[in-house]
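Q: The following block contains the structure, expressed as structure tokens.
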Amino acid sequence: MSEKLYAWLLRLYPANFRKEYGEEALQLVRDCQRDDKGFLLRLRFWLNLLADLAISLPREYRRVQPEALRARAALGPDGSPSFRSLPYAPPRFGALFFGSVLSLIMLSSIPRLIAHMGNGRPPGVPGPWPSPAQSSNPQGAGGGLAVTAGEAPKLDAAERQRVVEAVAANLKKYYVDRDMAIKMAVALAARQKAGEYDTLTEGPAFAELLTKQIREVSHDLHLEVIYSQRPLPDRPAGPSAERLAFYRRAMQESNCTFEKAEILPHRIGYLKLNSFPEPSVCGPTAKAAMARLNGAEAIIFDLRDNRGGYPDMVMLLAAYLFDHPEFFYNPRENTSERLWTRSPVPGNRLADKPAYVLTSARTFSGAEHFSYGLKMLKRATLVGEKTGGATDVGVFHRLDDHFGMGIRETRAINPYREPDWAVVGVEPNVKVKAADALTTAEALAFRVTSSLEK
Amino acid sequence: MPKRKLDPMPSAAFEILLALTGDDLHGYAIMRQVAAQTNGRVRLGPGTLYGSIQTLLEGKLIEEVDRREDARPGPERRRYYRLTAAGSERLRFEAERLADLLRVARAKKVLRGEYV
């Protein structure tokens with residue numbers, strides 16, 4: 001495999017280099033493949049190879065150039081400049097073909113890159129962590145506070161000490177299970193005493209290690225220590241009036257991220273939703289979209305580009321799938337009233353129709369809440385890829401200028417045997433590539449609805 | 001032309017000359033030897049390796065040798081390279097140049113510790 005790939009790459013070199021050393025270079029790659037076993041070695045080998053390509057290609061082509069330079073400088077016998085044409089063969093067909101394939105690949109990757117970069121959270125959705133006073137909180141698109149790479153100040157012993165102590169203090173003060181909080185604090189103190197942190201000077205690595213260790217003790221994935229290179233604000237910003245106005249405007253402009261609500265052939269309803277927007281802003285849009293799909297025989301929720309949002313919207317939409325109030329698990333919520341769907345929805349005919357949820361590796365947070373809940377209730381078939389595994393870590397606490405932590409302060413009892421989506425994501429029922437999920441779900445829905453008719 | 005390409009001598013070319021001071025080696029063995037003599041820091045890729053070998057051949061600092069006794073049947077036959085007299089001379093020159101630089105660095109206390 002690698003050898004074939006490299007044989008292709010070799011075609012990039014000038015013809016005379018290939019003729020002279022092509023076979024030897026291939027032999028070298030074969031030798032390396034034979035001796036470098038194991039993923040990391042292979043990876044290093046390929047990185048090395050690509051770097052080598054970037055350096056040596058221009059050099060090999062420069063080697064061809066001097067001929068042309070000499071020709072230009074040559075003077076005729078009488079001292080007048082002479083012109084010679086170099087006997088250059090026209091490019092081979094293979095070279096042209098290879099060149100066009102390469103440029104096509106590069107060109108087509110540009111929109112993908114742009115789409116990838118633009119794929120943050122939907123416009124104006126406030127950050128994942130609310131101020132401690134808030135109760136109705138958006139579930140943000142995973143990732144937490146932006147941790148930017150680059151030159152970061154080194155950690156010293158004093159800061160490490162401060163962070164470990166602050167983590168322990170915050171756990172004891174806020175964590176739901178006080179005994180467990182003490183266990184975690186003791187474990188961290190012991191590790192610090194043993195000098196385990198002494199060599200850590202990078203903030204992100206330190207935060208990651210602390211996160212891993214408190215999760216190991218508590219088996220609670222809803223705990224996280226984060227590092228932010230940008231100093232954390234003294235008080236986490238709540239949704240100011242200005243931000244809300246911005247959010248409202250962004251939602252109006254994007255039809256509340258309800259990208260499509262239409263009836264596909266065979267009366268299959270299709271809803272493409274790219275976030276779970278705040279119901280007070282987007283409730284009417286959501287209701288209108290669901291009303292449009294009311295006559296469908298089956299319904300597909302396309303959450304492949306959905307990066308999360310507000311739990312209230314998750315509950316609002318889930319309500320359409322039941323004819324009685326249904327318990328809908330939310331790891332963040334323990335007030336029983338908010339854990340039950342407000343079903344039945346007057347006039348709704350979708351409560352007993354087959355439902356499908358399309359997922360991708362970029363399905364995050366609130367969208368995972370929706371998928372997980374419906375899967376556990378066996379109310380929908382999940383089609384697509386395993387979801388992203390956004391970790392919702394409850395309320396944010398500032399530890400110092402650069403460190404913060406998320407602690408879940410409510411304990412919802414998960415009634416299911418499968419743990420929720422934090423870190424691990426939700427496995428779909430039908431595993432297909434995200435790009436094929438819609439066709440697959442349509443076929444499934446068609447089969448079910450046509451057999452129901454008989 | 002080759003003279004200009006080897007002046008100043010690129011580090012890859014220097015490493016290859018250094019690798020060939022012992023036995024005659026083929027391409028892959030040169031790559032391994034270079035990795036060994038630099039503690040794995042320098043790993044020459046095929047493009048750089050054979051590009052440099054070509055330049056060194058043109059500069060007559062190394063030569064190809066026929067090692068038929070080693071030849072295996074089929075396409076696996078490898079080309080071996082040997083340092084020429086000019087190559088050894090040039091290698092010594094480069095090494096002395098580096099040694100001079102090292103002396104200056106030592107005098108300016110660039111290096112940590114006294115012995116390196």
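Residues in the structure tokens are named by chain (A, B, ... in the order shown) and by number from 1 within that chain; ligands are numbered from 1 in the order shown.
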Within 9 Å of chain A, which residues of chain B show up when using only C-alpha atoms, listed as a list in words?

A: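 Only these qualify: Met1, Gly27, Tyr28, Met31, Arg43, Leu44, Gly45, Pro46, Gly47, Thr48, Leu49, Tyr50, Gly51, Gln54, Pro75, Glu76, Arg78 and Arg79 of chain B.
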
Q: Go ahead and write the selection's residues with C-alpha atoms as a compact mmCIF listing (two decimals), in the first residue's frame.

A:
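Generated output (part.txt):
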```txt
# COMPACT_ATOMS: atom_id res chain seq x y z
CA MET B 1 27.89 23.31 -11.53
CA GLY B 27 21.21 3.83 0.03
CA TYR B 28 19.21 2.31 2.83
CA MET B 31 20.10 6.27 5.76
CA ARG B 43 16.38 10.82 8.96
CA LEU B 44 17.10 11.30 5.30
CA GLY B 45 14.12 10.67 3.07
CA PRO B 46 14.56 9.03 -0.32
CA GLY B 47 14.34 12.31 -2.25
CA THR B 48 16.98 14.08 -0.19
CA LEU B 49 19.15 11.00 0.00
CA TYR B 50 19.33 10.24 -3.70
CA GLY B 51 19.37 13.93 -4.62
CA GLN B 54 23.58 12.45 -7.27
CA PRO B 75 15.52 -6.29 -9.11
CA GLU B 76 16.83 -6.29 -5.54
CA ARG B 78 21.54 -2.46 -4.90
CA ARG B 79 24.06 0.16 -5.82
```

Q: May I have all residues of region 23-111 of chain B that DSSP, computed from the backbone, assigns to alpha helix (DSSP H), given as a PyMOL selection string?

A: chain B and resi 27-37+46-58+85-107

Q: What residues in chain B get the DSSP label strand (DSSP E or B)? Please answer as a list in words.

A: Leu25, His26, Ile62, Glu63, Glu64, Val65, Tyr80, Tyr81, Arg82 and Leu83 of chain B

Q: Residues of the last selection are to be written out with N, CA and C atoms, as an mmCIF file, in the first residue's frame.

A:
```cif
data_model
loop_
_atom_site.group_PDB
_atom_site.id
_atom_site.type_symbol
_atom_site.label_atom_id
_atom_site.label_comp_id
_atom_site.auth_asym_id
_atom_site.auth_seq_id
_atom_site.Cartn_x
_atom_site.Cartn_y
_atom_site.Cartn_z
ATOM 1 N N LEU B 25 28.483 1.533 1.373
ATOM 2 C CA LEU B 25 27.109 1.265 1.785
ATOM 3 C C LEU B 25 26.144 1.521 0.628
ATOM 4 N N HIS B 26 24.988 0.845 0.695
ATOM 5 C CA HIS B 26 23.933 1.187 -0.261
ATOM 6 C C HIS B 26 23.004 2.210 0.382
ATOM 7 N N ILE B 62 32.005 10.963 -4.210
ATOM 8 C CA ILE B 62 31.776 9.536 -3.985
ATOM 9 C C ILE B 62 31.686 8.859 -5.340
ATOM 10 N N GLU B 63 31.801 7.537 -5.328
ATOM 11 C CA GLU B 63 31.656 6.813 -6.590
ATOM 12 C C GLU B 63 30.817 5.570 -6.359
ATOM 13 N N GLU B 64 30.231 5.113 -7.468
ATOM 14 C CA GLU B 64 29.441 3.907 -7.362
ATOM 15 C C GLU B 64 30.378 2.711 -7.458
ATOM 16 N N VAL B 65 30.139 1.688 -6.652
ATOM 17 C CA VAL B 65 30.984 0.504 -6.775
ATOM 18 C C VAL B 65 30.120 -0.707 -7.101
ATOM 19 N N TYR B 80 26.061 0.322 -4.482
ATOM 20 C CA TYR B 80 26.844 0.711 -3.312
ATOM 21 C C TYR B 80 27.654 1.951 -3.637
ATOM 22 N N TYR B 81 27.947 2.729 -2.601
ATOM 23 C CA TYR B 81 28.717 3.946 -2.823
ATOM 24 C C TYR B 81 29.955 3.940 -1.942
ATOM 25 N N ARG B 82 31.016 4.576 -2.485
ATOM 26 C CA ARG B 82 32.281 4.598 -1.760
ATOM 27 C C ARG B 82 32.823 6.024 -1.790
ATOM 28 N N LEU B 83 33.495 6.386 -0.717
ATOM 29 C CA LEU B 83 34.126 7.701 -0.623
ATOM 30 C C LEU B 83 35.337 7.729 -1.566
#
```

Q: One decimal, Å: what's the distance from CA of Arg398 (chain A) over to CA of Ile226 (chain A), could you say?

A: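 Computing the Euclidean distance for CA of Arg398 (chain A) and CA of Ile226 (chain A) yields 9.7 Å.
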
Q: Can you pull out every residue within 10 Å of Pro231 (chain A), counting only C-alpha atoms, but drop anything in the same chain fewer than 4 positions away, and send it as an NGL selection string?

A: :A and (227 or 400-403)

Q: Quick one: everything within 9 Å of Ile263 (chain A), counting only C-alpha atoms, minus sequence neighbours fewer than 2 positions away in the same chain. Send it as a list in words.

A: Ala261, Pro265, His266, Arg267, Ile268, Gly269, Tyr270, Leu271, Arg292, Leu293, Gly295, Ala296 and Ile299 of chain A
